[in-house]
$ cat input-v3.pdb   # PDB, C-alpha atoms and all ligand atoms
ATOM      1  CA  MET W  16       6.474  12.428   1.945
ATOM      2  CA  ILE W  17       6.107  15.727   0.059
ATOM      3  CA  GLY W  18       2.346  15.440   0.290
ATOM      4  CA  ALA W  19       2.576  14.292   3.902
ATOM      5  CA  GLY W  20       4.594  17.378   4.869
ATOM      6  CA  ALA W  21       2.103  19.643   3.176
ATOM      7  CA  PHE W  22      -0.806  18.013   4.969
ATOM      8  CA  GLY W  23       1.047  18.184   8.272
ATOM      9  CA  ARG W  24       1.718  21.903   7.989
ATOM     10  CA  SER W  25      -1.815  22.732   6.929
ATOM     11  CA  GLY W  26      -3.705  20.388   9.266
ATOM     12  CA  GLY W  27      -7.432  19.830   9.713
ATOM     13  CA  LYS W  28      -9.883  21.021   7.121
ATOM     14  CA  ALA W  29      -7.261  23.279   5.518
ATOM     15  CA  GLY W  30      -5.323  20.100   4.661
ATOM     16  CA  VAL W  31      -8.353  18.675   2.913
ATOM     17  CA  GLY W  32      -8.664  21.933   0.978
ATOM     18  CA  LEU W  33      -5.037  21.661  -0.097
ATOM     19  CA  ALA W  34      -5.529  18.083  -1.316
ATOM     20  CA  SER W  35      -8.625  19.154  -3.232
ATOM     21  CA  ALA W  36      -6.778  22.109  -4.741
ATOM     22  CA  HIS W  37      -3.965  19.838  -5.968
ATOM     23  CA  MET W  38      -6.464  17.418  -7.444
ATOM     24  CA  ALA W  39      -8.428  20.218  -9.116
ATOM     25  CA  ALA W  40      -5.241  21.745 -10.560
ATOM     26  CA  SER W  41      -4.205  18.437 -12.115
ATOM     27  CA  THR W  42      -7.631  17.494 -13.457
ATOM     28  CA  PRO W  43      -7.102  15.952 -16.902
ATOM     29  CA  ARG W  44      -7.958  18.256 -19.792
ATOM     30  CA  TRP W  45      -7.518  15.538 -22.385
ATOM     31  CA  PRO W  46      -7.515  11.727 -22.223
ATOM     32  CA  SER W  47      -3.743  11.242 -22.378
ATOM     33  CA  PRO W  48      -1.591  14.235 -21.399
ATOM     34  CA  HIS W  49      -2.136  15.925 -18.051
ATOM     35  CA  LEU W  50      -0.537  19.180 -16.981
ATOM     36  CA  LEU W  51       0.783  19.496 -13.425
ATOM     37  CA  GLY W  52       2.157  22.536 -11.628
ATOM     38  CA  ASP W  53       2.198  25.945 -13.286
ATOM     39  CA  ALA W  54       4.089  27.731 -16.019
ATOM     40  CA  ASP W  55       7.039  28.413 -13.669
ATOM     41  CA  ARG W  56       7.469  24.778 -12.734
ATOM     42  CA  GLY W  57       5.481  22.722 -15.154
ATOM     43  CA  HIS W  58       5.269  19.001 -15.726
ATOM     44  CA  LEU W  59       3.565  16.934 -18.344
ATOM     45  CA  PHE W  60       2.220  13.520 -17.396
ATOM     46  CA  VAL W  61       1.481  11.142 -20.274
ATOM     47  CA  VAL W  62      -0.848   8.395 -19.117
ATOM     48  CA  ASP W  63       0.368   5.811 -21.609
ATOM     49  CA  GLY W  64       3.511   4.428 -20.001
ATOM     50  CA  SER W  65       3.095   6.666 -16.898
ATOM     51  CA  ARG W  66       5.677   9.110 -18.259
ATOM     52  CA  LEU W  67       6.388  12.343 -16.421
ATOM     53  CA  TYR W  68       8.340  15.158 -18.098
ATOM     54  CA  ASP W  69       9.583  18.566 -16.991
ATOM     55  CA  ILE W  70       8.444  21.050 -19.620
ATOM     56  CA  ASP W  71       9.448  24.622 -20.283
ATOM     57  CA  PRO W  72       7.083  27.535 -19.564
ATOM     58  CA  ASP W  73       6.296  28.158 -23.263
ATOM     59  CA  LEU W  74       5.184  24.631 -23.876
ATOM     60  CA  PHE W  75       3.197  24.582 -20.633
ATOM     61  CA  THR W  76       1.351  27.745 -21.634
ATOM     62  CA  ARG W  77       0.680  26.485 -25.178
ATOM     63  CA  LEU W  78      -0.769  23.266 -23.843
ATOM     64  CA  GLU W  79      -2.732  25.049 -21.150
ATOM     65  CA  ARG W  80      -4.413  27.232 -23.771
ATOM     66  CA  THR W  81      -5.195  24.303 -26.037
ATOM     67  CA  ALA W  82      -8.878  23.504 -26.094
ATOM     68  CA  ASP W  83      -9.142  20.041 -27.606
ATOM     69  CA  ALA W  84      -7.368  16.714 -27.592
ATOM     70  CA  SER W  85      -6.363  16.630 -31.251
ATOM     71  CA  ALA W  86      -4.682  20.044 -30.975
ATOM     72  CA  ALA W  87      -2.850  18.825 -27.855
ATOM     73  CA  ASP W  88      -1.753  15.685 -29.715
ATOM     74  CA  ALA W  89      -0.444  17.850 -32.560
ATOM     75  CA  ILE W  90       1.690  19.822 -30.092
ATOM     76  CA  LEU W  91       2.969  16.616 -28.513
ATOM     77  CA  ARG W  92       3.996  15.340 -31.938
ATOM     78  CA  THR W  93       6.228  18.382 -32.336
ATOM     79  CA  ILE W  94       8.203  17.317 -29.264
ATOM     80  CA  GLY W  95       8.451  13.652 -30.205
ATOM     81  CA  LEU W  96       5.762  12.231 -27.936
ATOM     82  CA  GLU W  97       3.779  10.704 -30.770
ATOM     83  CA  ALA W  98       5.932   7.586 -30.467
ATOM     84  CA  ARG W  99       4.402   4.116 -30.518
ATOM     85  CA  PRO W 100       2.283   3.689 -27.369
ATOM     86  CA  TYR W 101       3.995   1.963 -24.470
ATOM     87  CA  VAL W 102       0.724   0.277 -23.615
ATOM     88  CA  ASP W 103      -1.802  -0.915 -26.176
ATOM     89  CA  ASP W 104      -4.911  -3.071 -26.148
ATOM     90  CA  ALA W 105      -3.133  -6.285 -27.126
ATOM     91  CA  PRO W 106      -3.461  -8.920 -24.411
ATOM     92  CA  PRO W 107      -0.115  -9.472 -22.682
ATOM     93  CA  ALA W 108       1.759 -12.691 -23.265
ATOM     94  CA  ALA W 109       1.593 -15.073 -20.317
ATOM     95  CA  LEU W 110       3.988 -13.847 -17.659
ATOM     96  CA  PRO W 111       5.622 -16.013 -15.021
ATOM     97  CA  VAL W 112       4.306 -15.454 -11.503
ATOM     98  CA  HIS W 113       6.898 -13.940  -9.165
ATOM     99  CA  ALA W 114       4.770 -12.618  -6.319
ATOM    100  CA  LEU W 115       1.610 -13.711  -4.609
ATOM    101  CA  SER W 116      -0.584 -12.178  -1.917
ATOM    102  CA  LEU W 117      -2.651 -14.679   0.019
ATOM    103  CA  ALA W 118      -5.746 -13.398   1.815
ATOM    104  CA  VAL W 119      -5.662 -16.257   4.322
ATOM    105  CA  ALA W 120      -8.517 -14.892   6.425
ATOM    106  CA  GLN W 121     -11.745 -13.445   5.159
ATOM    107  CA  LYS W 122     -12.514 -12.196   8.642
ATOM    108  CA  CYS W 123     -11.260  -9.597  11.102
ATOM    109  CA  ASN W 124     -11.633  -8.634  14.759
ATOM    110  CA  LEU W 125     -11.559  -4.879  14.095
ATOM    111  CA  GLY W 126     -14.282  -2.625  12.752
ATOM    112  CA  CYS W 127     -12.311   0.192  11.115
ATOM    113  CA  VAL W 128     -14.634   3.005  10.086
ATOM    114  CA  TYR W 129     -13.316   3.125   6.517
ATOM    115  CA  CYS W 130     -12.697  -0.604   5.986
ATOM    116  CA  TYR W 131     -12.308  -1.458   2.298
ATOM    117  CA  ALA W 132     -13.230  -5.079   3.027
ATOM    118  CA  GLU W 133     -16.504  -4.698   4.929
ATOM    119  CA  GLN W 134     -14.859  -5.391   8.302
ATOM    120  CA  GLY W 135     -12.764  -8.156   6.798
ATOM    121  CA  SER W 136     -15.521 -10.309   5.299
ATOM    122  CA  PHE W 137     -15.450  -8.745   1.821
ATOM    123  CA  GLY W 138     -19.248  -8.838   1.943
ATOM    124  CA  GLY W 139     -19.422 -12.646   2.287
ATOM    125  CA  ALA W 140     -19.416 -15.176   5.079
ATOM    126  CA  ALA W 141     -16.417 -14.875   7.400
ATOM    127  CA  LYS W 142     -14.030 -17.768   6.757
ATOM    128  CA  ASN W 143     -10.414 -18.898   6.653
ATOM    129  CA  MET W 144      -8.432 -20.137   3.650
ATOM    130  CA  ASP W 145      -7.822 -23.876   4.025
ATOM    131  CA  LEU W 146      -4.320 -25.315   3.986
ATOM    132  CA  CYS W 147      -4.731 -27.183   0.668
ATOM    133  CA  THR W 148      -5.612 -23.962  -1.114
ATOM    134  CA  ALA W 149      -2.679 -22.119   0.449
ATOM    135  CA  LEU W 150      -0.191 -24.865  -0.499
ATOM    136  CA  ALA W 151      -1.560 -25.047  -4.050
ATOM    137  CA  ALA W 152      -1.049 -21.295  -4.316
ATOM    138  CA  VAL W 153       2.565 -21.701  -3.193
ATOM    139  CA  ASP W 154       3.070 -24.385  -5.846
ATOM    140  CA  LEU W 155       1.679 -21.962  -8.441
ATOM    141  CA  LEU W 156       4.049 -19.250  -7.235
ATOM    142  CA  LEU W 157       7.099 -21.471  -7.505
ATOM    143  CA  ALA W 158       6.118 -23.486 -10.586
ATOM    144  CA  GLU W 159       7.859 -21.191 -13.049
ATOM    145  CA  ALA W 160      10.597 -19.804 -10.820
ATOM    146  CA  GLN W 161      14.050 -20.528 -12.180
ATOM    147  CA  PRO W 162      17.036 -21.558 -10.035
ATOM    148  CA  GLY W 163      18.731 -18.362  -8.924
ATOM    149  CA  GLY W 164      15.447 -16.458  -9.304
ATOM    150  CA  LYS W 165      13.338 -14.653  -6.705
ATOM    151  CA  ALA W 166       9.802 -15.032  -5.421
ATOM    152  CA  SER W 167       7.710 -13.153  -2.931
ATOM    153  CA  LEU W 168       4.837 -14.375  -0.760
ATOM    154  CA  ALA W 169       2.678 -11.934   1.230
ATOM    155  CA  PHE W 170      -0.116 -12.598   3.708
ATOM    156  CA  LEU W 171      -3.125 -10.320   4.023
ATOM    157  CA  GLY W 172      -6.706 -10.444   5.279
ATOM    158  CA  GLY W 173      -9.061  -9.415   6.795
ATOM    159  CA  GLU W 174      -6.614 -10.089   9.598
ATOM    160  CA  PRO W 175      -4.162 -12.810   8.511
ATOM    161  CA  LEU W 176      -3.162 -13.828  12.055
ATOM    162  CA  VAL W 177      -6.716 -15.048  12.611
ATOM    163  CA  ASN W 178      -5.550 -17.986  10.478
ATOM    164  CA  ARG W 179      -2.082 -18.330  12.004
ATOM    165  CA  SER W 180      -1.686 -22.080  11.501
ATOM    166  CA  VAL W 181      -2.242 -21.902   7.723
ATOM    167  CA  LEU W 182       0.009 -18.856   7.463
ATOM    168  CA  GLN W 183       2.800 -20.727   9.255
ATOM    169  CA  GLU W 184       2.370 -24.007   7.374
ATOM    170  CA  ALA W 185       2.292 -22.220   4.018
ATOM    171  CA  THR W 186       5.437 -20.281   4.967
ATOM    172  CA  ARG W 187       7.350 -23.389   6.013
ATOM    173  CA  TYR W 188       6.267 -25.215   2.863
ATOM    174  CA  ALA W 189       7.204 -22.291   0.618
ATOM    175  CA  ALA W 190      10.626 -21.961   2.270
ATOM    176  CA  ARG W 191      11.312 -25.696   1.817
ATOM    177  CA  GLN W 192      10.166 -25.731  -1.808
ATOM    178  CA  ALA W 193      12.085 -22.581  -2.637
ATOM    179  CA  THR W 194      15.291 -23.979  -1.128
ATOM    180  CA  ARG W 195      14.815 -27.186  -3.102
ATOM    181  CA  ARG W 196      14.516 -25.195  -6.330
ATOM    182  CA  GLY W 197      17.304 -22.732  -5.574
ATOM    183  CA  VAL W 198      14.880 -19.798  -5.457
ATOM    184  CA  ALA W 199      15.312 -16.885  -3.004
ATOM    185  CA  ILE W 200      11.905 -16.319  -1.433
ATOM    186  CA  GLY W 201      10.852 -13.298   0.629
ATOM    187  CA  PHE W 202       7.878 -13.106   2.979
ATOM    188  CA  ALA W 203       5.687 -10.216   4.090
ATOM    189  CA  ILE W 204       2.618  -9.688   6.230
ATOM    190  CA  THR W 205       0.207  -6.810   6.693
ATOM    191  CA  THR W 206      -1.512  -7.109  10.068
ATOM    192  CA  ASN W 207      -3.640  -5.011  12.378
ATOM    193  CA  GLY W 208      -1.298  -6.050  15.207
ATOM    194  CA  THR W 209      -3.975  -6.977  17.746
ATOM    195  CA  LEU W 210      -3.167 -10.701  17.751
ATOM    196  CA  LEU W 211       0.600 -10.440  17.409
ATOM    197  CA  THR W 212       2.561 -12.507  19.952
ATOM    198  CA  ALA W 213       6.226 -12.856  20.888
ATOM    199  CA  ALA W 214       6.166 -16.265  19.181
ATOM    200  CA  ASP W 215       4.942 -14.576  15.983
ATOM    201  CA  GLY W 216       7.912 -12.235  16.265
ATOM    202  CA  ASP W 217      10.257 -15.251  16.487
ATOM    203  CA  PHE W 218       8.572 -16.831  13.488
ATOM    204  CA  PHE W 219       8.820 -13.662  11.392
ATOM    205  CA  GLU W 220      12.455 -13.291  12.369
ATOM    206  CA  GLU W 221      13.226 -16.886  11.436
ATOM    207  CA  TYR W 222      11.716 -16.507   7.968
ATOM    208  CA  GLY W 223      12.755 -12.887   7.394
ATOM    209  CA  PHE W 224       9.268 -11.385   7.115
ATOM    210  CA  ALA W 225       8.759  -7.725   6.288
ATOM    211  CA  VAL W 226       6.041  -6.740   8.781
ATOM    212  CA  THR W 227       3.581  -3.929   8.144
ATOM    213  CA  VAL W 228       1.258  -2.894  10.964
ATOM    214  CA  SER W 229      -1.736  -0.661  10.310
ATOM    215  CA  LEU W 230      -1.794   2.222  12.792
ATOM    216  CA  ASP W 231      -3.475   5.551  12.236
ATOM    217  CA  GLY W 232      -1.730   7.924  14.632
ATOM    218  CA  PRO W 233      -1.719   8.752  18.336
ATOM    219  CA  GLN W 234      -3.989   6.666  20.548
ATOM    220  CA  ALA W 235      -7.148   8.785  20.562
ATOM    221  CA  LEU W 236      -7.127   9.195  16.785
ATOM    222  CA  HIS W 237      -6.241   5.587  16.089
ATOM    223  CA  ASP W 238      -8.957   4.322  18.446
ATOM    224  CA  ARG W 239     -11.562   6.495  16.764
ATOM    225  CA  LEU W 240     -10.652   5.174  13.312
ATOM    226  CA  ARG W 241      -9.693   1.569  14.100
ATOM    227  CA  PRO W 242     -11.817   0.278  17.007
ATOM    228  CA  TYR W 243     -12.629  -3.342  17.778
ATOM    229  CA  LYS W 244     -15.890  -4.601  16.320
ATOM    230  CA  GLY W 245     -17.356  -4.312  19.819
ATOM    231  CA  GLY W 246     -16.317  -0.659  19.972
ATOM    232  CA  GLY W 247     -13.262  -0.569  22.288
ATOM    233  CA  GLY W 248      -9.991   1.037  21.260
ATOM    234  CA  SER W 249      -7.252  -1.170  19.807
ATOM    235  CA  PHE W 250      -4.153   1.058  20.118
ATOM    236  CA  GLU W 251      -3.013   0.018  23.588
ATOM    237  CA  ARG W 252      -3.184  -3.668  22.755
ATOM    238  CA  ILE W 253      -1.319  -3.251  19.460
ATOM    239  CA  LEU W 254       1.514  -1.194  20.934
ATOM    240  CA  GLY W 255       1.709  -3.576  23.896
ATOM    241  CA  ASN W 256       2.139  -6.464  21.450
ATOM    242  CA  LEU W 257       4.634  -4.609  19.311
ATOM    243  CA  ARG W 258       6.973  -2.992  21.827
ATOM    244  CA  PRO W 259       8.929  -6.187  22.635
ATOM    245  CA  LEU W 260       9.401  -6.786  18.902
ATOM    246  CA  LEU W 261      10.404  -3.210  18.214
ATOM    247  CA  ALA W 262      12.899  -3.225  21.065
ATOM    248  CA  ARG W 263      14.756  -6.368  20.069
ATOM    249  CA  THR W 264      17.610  -6.623  17.618
ATOM    250  CA  ARG W 265      16.067  -8.009  14.477
ATOM    251  CA  ARG W 266      16.678  -8.455  10.798
ATOM    252  CA  VAL W 267      13.012  -7.983   9.882
ATOM    253  CA  PRO W 268      11.865  -4.445   9.113
ATOM    254  CA  ILE W 269       8.687  -3.328  10.889
ATOM    255  CA  MET W 270       6.710  -0.595   9.189
ATOM    256  CA  ALA W 271       3.714   1.372  10.454
ATOM    257  CA  ARG W 272       1.163   2.023   7.727
ATOM    258  CA  VAL W 273      -1.077   5.022   8.280
ATOM    259  CA  THR W 274      -4.348   5.431   6.418
ATOM    260  CA  VAL W 275      -4.729   9.192   6.070
ATOM    261  CA  THR W 276      -8.206  10.612   6.638
ATOM    262  CA  PRO W 277      -9.390  14.146   7.473
ATOM    263  CA  ASP W 278      -9.136  13.125  11.169
ATOM    264  CA  ASN W 279      -5.408  12.348  11.301
ATOM    265  CA  LEU W 280      -3.650  14.942   9.190
ATOM    266  CA  ALA W 281      -0.904  15.839  11.686
ATOM    267  CA  LEU W 282       1.389  13.459   9.816
ATOM    268  CA  ARG W 283       4.667  14.882  11.097
ATOM    269  CA  ASN W 284       3.581  14.157  14.690
ATOM    270  CA  THR W 285       2.543  10.682  13.714
ATOM    271  CA  LEU W 286       5.814  10.066  11.878
ATOM    272  CA  ASP W 287       7.922  11.284  14.818
ATOM    273  CA  GLY W 288       5.857   9.284  17.312
ATOM    274  CA  PHE W 289       6.169   6.002  15.442
ATOM    275  CA  ILE W 290       9.870   6.429  14.691
ATOM    276  CA  ALA W 291      10.391   7.128  18.415
ATOM    277  CA  GLU W 292       8.581   3.859  19.174
ATOM    278  CA  GLY W 293      11.187   2.011  17.077
ATOM    279  CA  PHE W 294       9.443   1.465  13.748
ATOM    280  CA  ASP W 295      11.861   1.245  10.834
ATOM    281  CA  SER W 296       9.615   3.265   8.554
ATOM    282  CA  VAL W 297       6.181   4.844   8.359
ATOM    283  CA  GLY W 298       4.066   4.773   5.218
ATOM    284  CA  PHE W 299       1.179   7.168   4.601
ATOM    285  CA  SER W 300      -1.644   6.174   2.339
ATOM    286  CA  PRO W 301      -4.442   8.673   1.615
ATOM    287  CA  LEU W 302      -7.962   7.300   1.855
ATOM    288  CA  LEU W 303      -9.560   8.379  -1.417
ATOM    289  CA  SER W 304     -12.486   5.986  -1.389
ATOM    290  CA  ALA W 305     -14.229   3.892   1.259
ATOM    291  CA  PRO W 306     -17.333   1.694   0.822
ATOM    292  CA  SER W 307     -18.924   3.471   3.784
ATOM    293  CA  GLY W 308     -17.897   6.893   2.477
ATOM    294  CA  ARG W 309     -16.436   7.614   5.947
ATOM    295  CA  GLY W 310     -12.916   8.994   6.262
ATOM    296  CA  GLU W 311     -12.405   9.877   2.617
ATOM    297  CA  LEU W 312      -9.838  12.590   2.014
ATOM    298  CA  VAL W 313     -11.657  14.441  -0.725
ATOM    299  CA  GLY W 314     -14.669  16.680  -0.877
TER     300      GLY W 314
HETATM  301  S1  LIG W 401      -8.053  -4.323  10.152
HETATM  302 FE1  LIG W 401      -9.619  -2.787   9.707
HETATM  303  S2  LIG W 401      -9.306  -2.259   7.552
HETATM  304 FE2  LIG W 401      -8.241  -4.215   7.899
HETATM  305  S3  LIG W 401      -9.769  -5.778   7.382
HETATM  306 FE3  LIG W 401      -9.932  -5.403   9.583
HETATM  307  S4  LIG W 401     -11.575  -3.887   9.762
HETATM  308 FE4  LIG W 401     -10.878  -3.864   7.641
END
$ encode --input "input-v3.pdb" --output "structure tokens" --more "lines below"
Ligand code: SF4
Amino acid sequence: MIGAGAFGRSGGKAGVGLASAHMAASTPRWPSPHLLGDADRGHLFVVDGSRLYDIDPDLFTRLERTADASAADAILRTIGLEARPYVDDAPPAALPVHALSLAVAQKCNLGCVYCYAEQGSFGGAAKNMDLCTALAAVDLLLAEAQPGGKASLAFLGGEPLVNRSVLQEATRYAARQATRRGVAIGFAITTNGTLLTAADGDFFEEYGFAVTVSLDGPQALHDRLRPYKGGGGSFERILGNLRPLLARTRRVPIMARVTVTPDNLALRNTLDGFIAEGFDSVGFSPLLSAPSGRGELVG
């Protein structure tokens, strides 16, 4: 939200400049430690272990003036950061599976300008996941779960509601199997919202889904970024589908997820608008890379 506020205040191309300036200022000087901020309010980010430290102005300045990696490492040793790496090249021991995301549909009805998945097909033939595959995946998820443990099953696409029957069958099966094993299972879906029905809302409520709907801002902006494949805007349909769900008393959280591009930088407006509509939360995700190159937030 700090970044979102900054983008919102700057707006338009100035916002892109601000993002670029932040990225330029934190460009790595050496492979491991990165400096962030300035001498008045400096931070040191150590890649190994994703460790972030506040550092005093003297140390910041010494590191900033250091030309090569070995000299930087020598300074880090003086402050105790030469410790055994958190992450090394040894392959990890087999870990039990706790969470699974099922891309139940390799297809989509939208044609978002920046789509990471080539309009839902991931560059292949459009198709749905079959039920056997989905149930086998659920078995894999629950195979190593211990009684009293937790598991999480998420549905993605393309657009997952294109394959509603498999999504529902896999959910029912997972809930039954989890109950049998004494495992608490949580469900989630990320959807474009165009196919959402009142019955879907009942289903999500029954199984306690966390629902994330991709929306990119006010109608005109959203429609420019997330049109149907045929070219028409999708905003009106999505909000029409969602309003009955948002208005009802529910235990499931509904989140709007905004992909941030140079076209929709008035994030405060977007946040206020979606909260006023009844969303429980709004997430902002900057678009740093798109296969088409369109909508990227850098440059
Ligand atoms: S909703 Fe948009 S971004 Fe998501 S798969 Fe479909 S076209 Fe791509």
$ residues_around --input "input-v3.pdb" --residues "stretch 48-63 of chain W" --least-positions-apart "2" --cutoff "12 Å" --atoms "all atoms listed in the file" --output "NGL selection string"
:W and (36-46 or 65-81 or 83-92 or 94 or 96-104)
$ closest_residue --input "input-v3.pdb" --among "W:Gly95, W:Pro233, W:Gly126, W:Gly247" --to "ligand LIG 401 (chain W)" --atoms "only C-alpha atoms and all ligand atoms"
W:Gly126
$ closest_atom_pairs --input "input-v3.pdb" --of "chain W" --to "ligand LIG 401 (chain W)" --cutoff "6 Å" --atoms "all atoms listed in the file" --output "tab-separated table"
residue	atom	partner	partner_atom	distance
W:Cys123	CA	W:LIG401	FE3	4.7
W:Leu125	CA	W:LIG401	S4	4.4
W:Gly126	CA	W:LIG401	S4	4.2
W:Cys127	CA	W:LIG401	FE1	4.3
W:Cys130	CA	W:LIG401	FE4	4.1
W:Ala132	CA	W:LIG401	FE4	5.3
W:Gln134	CA	W:LIG401	S4	3.9
W:Gly135	CA	W:LIG401	S3	3.9
W:Gly172	CA	W:LIG401	S3	6.0
W:Gly173	CA	W:LIG401	S3	3.8
W:Glu174	CA	W:LIG401	FE3	5.7
W:Asn207	CA	W:LIG401	S1	5.0
$ write_last_selection --input "input-v3.pdb" --atoms "C-alpha atoms" --output "PDB file, in the frame of the given file"
ATOM      1  CA  CYS W 123     -11.260  -9.597  11.102  1.00  0.00           C
ATOM      2  CA  LEU W 125     -11.559  -4.879  14.095  1.00  0.00           C
ATOM      3  CA  GLY W 126     -14.282  -2.625  12.752  1.00  0.00           C
ATOM      4  CA  CYS W 127     -12.311   0.192  11.115  1.00  0.00           C
ATOM      5  CA  CYS W 130     -12.697  -0.604   5.986  1.00  0.00           C
ATOM      6  CA  ALA W 132     -13.230  -5.079   3.027  1.00  0.00           C
ATOM      7  CA  GLN W 134     -14.859  -5.391   8.302  1.00  0.00           C
ATOM      8  CA  GLY W 135     -12.764  -8.156   6.798  1.00  0.00           C
ATOM      9  CA  GLY W 172      -6.706 -10.444   5.279  1.00  0.00           C
ATOM     10  CA  GLY W 173      -9.061  -9.415   6.795  1.00  0.00           C
ATOM     11  CA  GLU W 174      -6.614 -10.089   9.598  1.00  0.00           C
ATOM     12  CA  ASN W 207      -3.640  -5.011  12.378  1.00  0.00           C
TER      13      ASN W 207
END
$ closest_residue --input "input-v3.pdb" --among "W:Glu221, W:Gly288, W:Thr212, W:Asn124" --to "W:Gly248" --atoms "all atoms listed in the file"
W:Asn124
$ residues_around --input "input-v3.pdb" --residues "W:Val198" --least-positions-apart "3" --cutoff "7 Å" --atoms "all atoms listed in the file" --output "ChimeraX atom specification"
/W:160-166,193-194
